[in-house]
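Written below as structure tokens is the structure these notes are about.
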Protein chains: 2
Amino acid sequence: MYGIERKSAILELLNKNARVDVQELSQHFDLSESTIRRDLKELEEAQLLKRTHGGAVLFKSVTFEPTYIEKEVQFQKEKRAIAKEAAKLIENGESILLDSGTTTYYLAQELRNFSSLQVVTNSILCANELKDVTGIEVLLCGGSLRSETLALVGPLAENSFNQICVDKSFIATNGVDVENGLTTPNLIEASTKKKMIDCAEKVILITDHTKIGQVSFAKFADIHEINYLITDSAAQQTVLNRIEESGISVRVV
Amino acid sequence: MYGIERKSAILELLNKNARVDVQELSQHFDLSESTIRRDLKELEEAQLLKRTHGGAVLFKSVTFEPTYIEKEVQFQKEKRAIAKEAAKLIENGESILLDSGTTTYYLAQELRNFSSLQVVTNSILCANELKDVTGIEVLLCGGSLRSETLALVGPLAENSFNQICVDKSFIATNGVDVENGLTTPNLIEASTKKKMIDCAEKVILITDHTKIGQVSFAKFADIHEINYLITDSAAQQTVLNRIEESGISVRVV
DNA sequence: ACACATATAATCAAAAATGAGCATAAAAAA
DNA sequence: TTTTTTATGCTCATTTTTGATTATATGTGT
């Protein structure tokens, strides 16, 4: 067995088990640990794995799951631009609804410039952002508090939305697709979003390009239930075209 | 398991449970606490979590400044003592309701020691305090957000309380008097408090001595609607006696 | 305010893993 | 064949990881 064969075999083992061990590899190939280490060193230099003491792990597993705060900085520029564009749809005197999410949080920040608004939200972060702005009345829906996102969901939230009507709902999503509509990973959240759409005169979907064409688990609306889609220019144009053909006003920033 | 795998696993646990414990992690991975602490320290330096005594919690960019709560340091010691006494009335597995106010905020802090509770509140501060405690489900009522107190009031709040029943309501007040019952300066708040009393099996009034014998503007309950009164020892004994004669269990700390 | 229990940081020691240097053997080139 | 190159193995000083210990810090209850 040549060195190159061995290295690709190591990568195969790594892909299968998510980790490899110097000792195990040494026994497996009946070679000294020195040789294995040399192999691993080369493979690491080629960015094909991540060395550890005792072995190696997959390169991607090093990139820790993005936490809430990390997600926030991802595409921050695009999200702020989307928020700015969304704010243009709002006029003083209106009542609007803000879903929870990073982009809607940026939209809340944009709202500070308005002098007369009624803002309903299920996001404690958005509510907190607007709580001391004169002229803006902040209504929080009730519900069960999700600690990860500081969003309120569940029956109490849905019931709150049953009691109100707003001019415009600004909704975030984890996936938007022509066939599968709007989807999110969480069933309860999906149910809450459904209500947020139902109680609004106009529905504006605000989402960055990574969600365009994506499908998540729980569907909460058909594509034709929304009136506007605001996203950034990195979105797949083909998908955007098909969405526009469905009668939705698409705005790209 | 390599160090890097372990750290990744710690982050996963953290994302799932919102908090991790040094001892638990030590047992879980069968490693010394020293090693766990080293891991947590590294992860904190990478801004992936926030260390606490005994463990770590999720890193959150936005923390609610309890600035306003600090201002109200008046009788802080007494209020904390009242909160401690109030906590003794609570047992794991119960559903309780927390009014907004300084004393109830201290009570929320006491609740962190419980392992199984359903907590309903109209105070964003209380909700925030308990949001990442394992075993505690936090429900926020809906409502209009009062920026001064971060409390939720109004029709939406009242309607939320119509939909729920709790074992115990912990209510704050601006005045308690045998003839005039419980009173507060704000009509809307009074209406909300009324509902918070109606939806509870037992009502516990927690208030420092300055409110005993006081009468404010809007009445929200008769004295006999409450079951317990917890206050501090500086309260006028004569008033306390008359309250006790009305059949209320009075506890002085 | 005090004592008590628990948690922590700092330090040291031990075990395991590593890298560097050198020797050897096989393969390739001259 | 001889020389050169390459791959491998071995030894040992160094580094990394971990656990144990202890003084210090923190929090809790009286």
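Chain labels run A, B, ... following the order of the structure tokens; each chain numbers its residues from 1, and ligands are numbered from 1 in the order shown.
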Contact check, chain C to chain A, at most 12 Å, counting only C-alpha atoms (C1' of nucleotides), closest pairs as a tab-separated table:
```
residue	atom	partner	partner_atom	distance
C:DA16	C1'	A:Gly54	CA	8.7
C:DA17	C1'	A:His53	CA	6.3
C:DT18	C1'	A:His53	CA	8.2
C:DG19	C1'	A:Ser34	CA	9.2
C:DA20	C1'	A:Ser34	CA	11.2
```
File of the preceding selection, N, CA and C atoms (P, O5', C5', C4', C3', O3' and C1' of nucleotides), as a short mmCIF file (atom, residue, chain, number, x, y, z; two decimals), in the first residue's frame:
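Final output, result_0.cif:
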```
data_model
loop_
_atom_site.label_atom_id
_atom_site.label_comp_id
_atom_site.auth_asym_id
_atom_site.auth_seq_id
_atom_site.Cartn_x
_atom_site.Cartn_y
_atom_site.Cartn_z
P DA C 16 0.04 6.27 30.55
"O5'" DA C 16 -0.25 7.07 29.20
"C5'" DA C 16 -1.36 7.96 29.15
"C4'" DA C 16 -1.15 8.98 28.06
"C3'" DA C 16 -0.70 8.37 26.72
"O3'" DA C 16 -1.65 8.70 25.74
"C1'" DA C 16 0.63 10.28 27.32
P DA C 17 -1.42 8.21 24.24
"O5'" DA C 17 -0.81 9.52 23.59
"C5'" DA C 17 -1.49 10.76 23.79
"C4'" DA C 17 -0.77 11.87 23.06
"C3'" DA C 17 -0.37 11.52 21.63
"O3'" DA C 17 -0.72 12.61 20.79
"C1'" DA C 17 1.54 12.23 22.85
P DT C 18 -0.43 12.51 19.24
"O5'" DT C 18 0.91 13.34 19.13
"C5'" DT C 18 0.95 14.65 19.67
"C4'" DT C 18 2.35 15.20 19.59
"C3'" DT C 18 3.01 15.08 18.22
"O3'" DT C 18 3.08 16.37 17.64
"C1'" DT C 18 4.51 14.60 20.00
P DG C 19 3.40 16.58 16.14
"O5'" DG C 19 4.92 17.05 16.18
"C5'" DG C 19 5.32 18.03 17.11
"C4'" DG C 19 6.83 18.19 17.08
"C3'" DG C 19 7.45 18.15 15.68
"O3'" DG C 19 8.48 19.12 15.61
"C1'" DG C 19 8.35 16.39 16.97
P DA C 20 9.22 19.44 14.29
"O5'" DA C 20 10.72 19.03 14.66
"C5'" DA C 20 11.24 19.32 15.95
"C4'" DA C 20 12.59 18.66 16.10
"C3'" DA C 20 13.37 18.55 14.79
"O3'" DA C 20 14.74 18.87 15.04
"C1'" DA C 20 13.06 16.39 15.69
#
```
Write out as a ChimeraX atom specification every residue belonging to chain A that has an atom at most 10 Å from any atom of chain D, counting only C-alpha atoms (C1' of nucleotides).
/A:2-3,31-35,53
Within 7 Å of chain B: residues of chain A, using only C-alpha atoms, as a PyMOL selection string:
chain A and resi 52+64+69+131-132+138-145+147+156+160
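When chain A serves as the reference and chain B is fitted to it on all C-alpha atoms, the deviation left is 17.8 Å RMSD.
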Please report the interatomic distance between atom CA of Gly213 of chain B and atom CA of Tyr228 of chain B in Å with one decimal.
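Atom-to-atom, atom CA of Gly213 of chain B to atom CA of Tyr228 of chain B, that is 15.8 Å.
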Determine, counting only C-alpha atoms (C1' of nucleotides), which protein, DNA and RNA residues have an atom within 7 Å of an atom of Tyr106 of chain A; residues of the same chain fewer than 4 positions away are not included. Present the result as a count of residues only.
4
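Pairwise distance (atom CA of Lys195 of chain A, atom CA of Ile171 of chain A) equals 11.0 Å.
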List every residue of segment 44-196 of chain A that DSSP, applied to the backbone of this structure, assigns to helix (DSSP H, G or I), and report them as a compact mmCIF listing (two decimals) with C-alpha atoms, in the first residue's frame.
```txt
# COMPACT_ATOMS: atom_id res chain seq x y z
CA GLU A 44 -4.01 18.79 8.22
CA GLU A 45 -1.84 21.05 6.07
CA LYS A 60 -15.98 20.82 9.96
CA SER A 61 -16.66 19.56 13.46
CA VAL A 62 -14.21 22.14 14.72
CA TYR A 68 -27.36 32.78 18.96
CA ILE A 69 -24.84 35.57 19.10
CA GLU A 70 -22.78 34.18 16.25
CA LYS A 71 -25.80 33.86 14.03
CA GLU A 72 -26.50 37.45 14.71
CA VAL A 73 -23.32 38.66 13.12
CA GLN A 76 -25.32 41.48 9.50
CA LYS A 77 -24.80 44.02 6.74
CA GLU A 78 -27.37 42.37 4.49
CA LYS A 79 -29.86 42.07 7.31
CA ARG A 80 -29.54 45.72 8.23
CA ALA A 81 -30.11 46.67 4.61
CA ILE A 82 -33.19 44.48 4.47
CA ALA A 83 -34.48 46.11 7.66
CA LYS A 84 -33.96 49.57 6.21
CA GLU A 85 -35.89 48.65 3.09
CA ALA A 86 -38.68 47.12 5.17
CA ALA A 87 -38.99 50.31 7.21
CA THR A 102 -32.34 38.97 13.97
CA THR A 103 -33.61 40.86 10.95
CA THR A 104 -36.79 41.97 12.71
CA TYR A 105 -34.63 43.15 15.59
CA TYR A 106 -32.76 45.41 13.20
CA LEU A 107 -36.13 46.57 11.87
CA ALA A 108 -37.13 47.48 15.42
CA GLN A 109 -34.04 49.67 15.60
CA GLU A 110 -35.13 51.42 12.40
CA LEU A 111 -38.52 52.12 13.95
CA ARG A 112 -36.98 54.46 16.51
CA ASN A 113 -37.20 57.18 13.86
CA ILE A 124 -38.78 40.55 24.02
CA LEU A 125 -35.70 41.94 22.32
CA CYS A 126 -37.77 44.04 19.94
CA ALA A 127 -40.05 45.18 22.74
CA ASN A 128 -37.06 46.16 24.85
CA GLU A 129 -35.55 48.08 21.94
CA LEU A 130 -38.67 50.21 21.53
CA PRO A 155 -51.39 29.01 22.81
CA LEU A 156 -51.24 32.22 24.82
CA ALA A 157 -49.39 33.94 21.99
CA GLU A 158 -51.82 32.69 19.38
CA ASN A 159 -54.74 33.86 21.44
CA SER A 160 -53.20 37.31 21.72
CA PHE A 161 -53.07 37.57 17.95
CA ASN A 162 -56.69 36.49 17.74
CA LEU A 187 -44.06 23.24 15.09
CA ILE A 188 -45.17 25.53 17.88
CA GLU A 189 -43.41 28.47 16.33
CA ALA A 190 -45.02 27.64 13.01
CA SER A 191 -48.44 27.76 14.61
CA THR A 192 -47.67 31.14 16.15
CA LYS A 193 -46.41 32.56 12.87
CA LYS A 194 -49.60 31.40 11.17
CA LYS A 195 -51.63 33.57 13.52
CA MET A 196 -49.31 36.51 12.99
```
Figure out the distance between atom CA of Glu225 of chain A and atom CA of Glu94 of chain A, please, to one decimal in Å.
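The value is 20.6 Å.
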If you run DSSP on the backbone, which residues of segment 178-238 of chain B are strand (DSSP E or B), as an MDAnalysis selection string?
chainID B and resid 181:184 200:206 212 218:221 228:231
Quick one: write out the picked residues with C-alpha atoms as a PDB file, in the first residue's frame?
```pdb
ATOM      1  CA  GLY B 181     -58.614  47.008  50.678  1.00  0.00           C
ATOM      2  CA  LEU B 182     -55.781  46.943  48.171  1.00  0.00           C
ATOM      3  CA  THR B 183     -55.114  50.053  46.128  1.00  0.00           C
ATOM      4  CA  THR B 184     -52.701  51.279  43.452  1.00  0.00           C
ATOM      5  CA  ALA B 200     -55.355  32.087  41.592  1.00  0.00           C
ATOM      6  CA  GLU B 201     -56.220  29.447  44.152  1.00  0.00           C
ATOM      7  CA  LYS B 202     -54.327  31.286  46.893  1.00  0.00           C
ATOM      8  CA  VAL B 203     -53.326  34.939  46.937  1.00  0.00           C
ATOM      9  CA  ILE B 204     -50.204  36.095  48.723  1.00  0.00           C
ATOM     10  CA  LEU B 205     -49.674  39.814  49.163  1.00  0.00           C
ATOM     11  CA  ILE B 206     -46.011  40.725  49.519  1.00  0.00           C
ATOM     12  CA  ILE B 212     -49.294  48.883  55.320  1.00  0.00           C
ATOM     13  CA  ALA B 218     -57.580  52.681  42.437  1.00  0.00           C
ATOM     14  CA  LYS B 219     -58.908  49.750  44.438  1.00  0.00           C
ATOM     15  CA  PHE B 220     -58.361  46.305  42.994  1.00  0.00           C
ATOM     16  CA  ALA B 221     -59.401  43.962  45.793  1.00  0.00           C
ATOM     17  CA  TYR B 228     -51.504  35.648  53.087  1.00  0.00           C
ATOM     18  CA  LEU B 229     -49.735  38.894  53.798  1.00  0.00           C
ATOM     19  CA  ILE B 230     -45.963  38.921  54.092  1.00  0.00           C
ATOM     20  CA  THR B 231     -44.305  42.092  55.275  1.00  0.00           C
TER      21      THR B 231
END
```
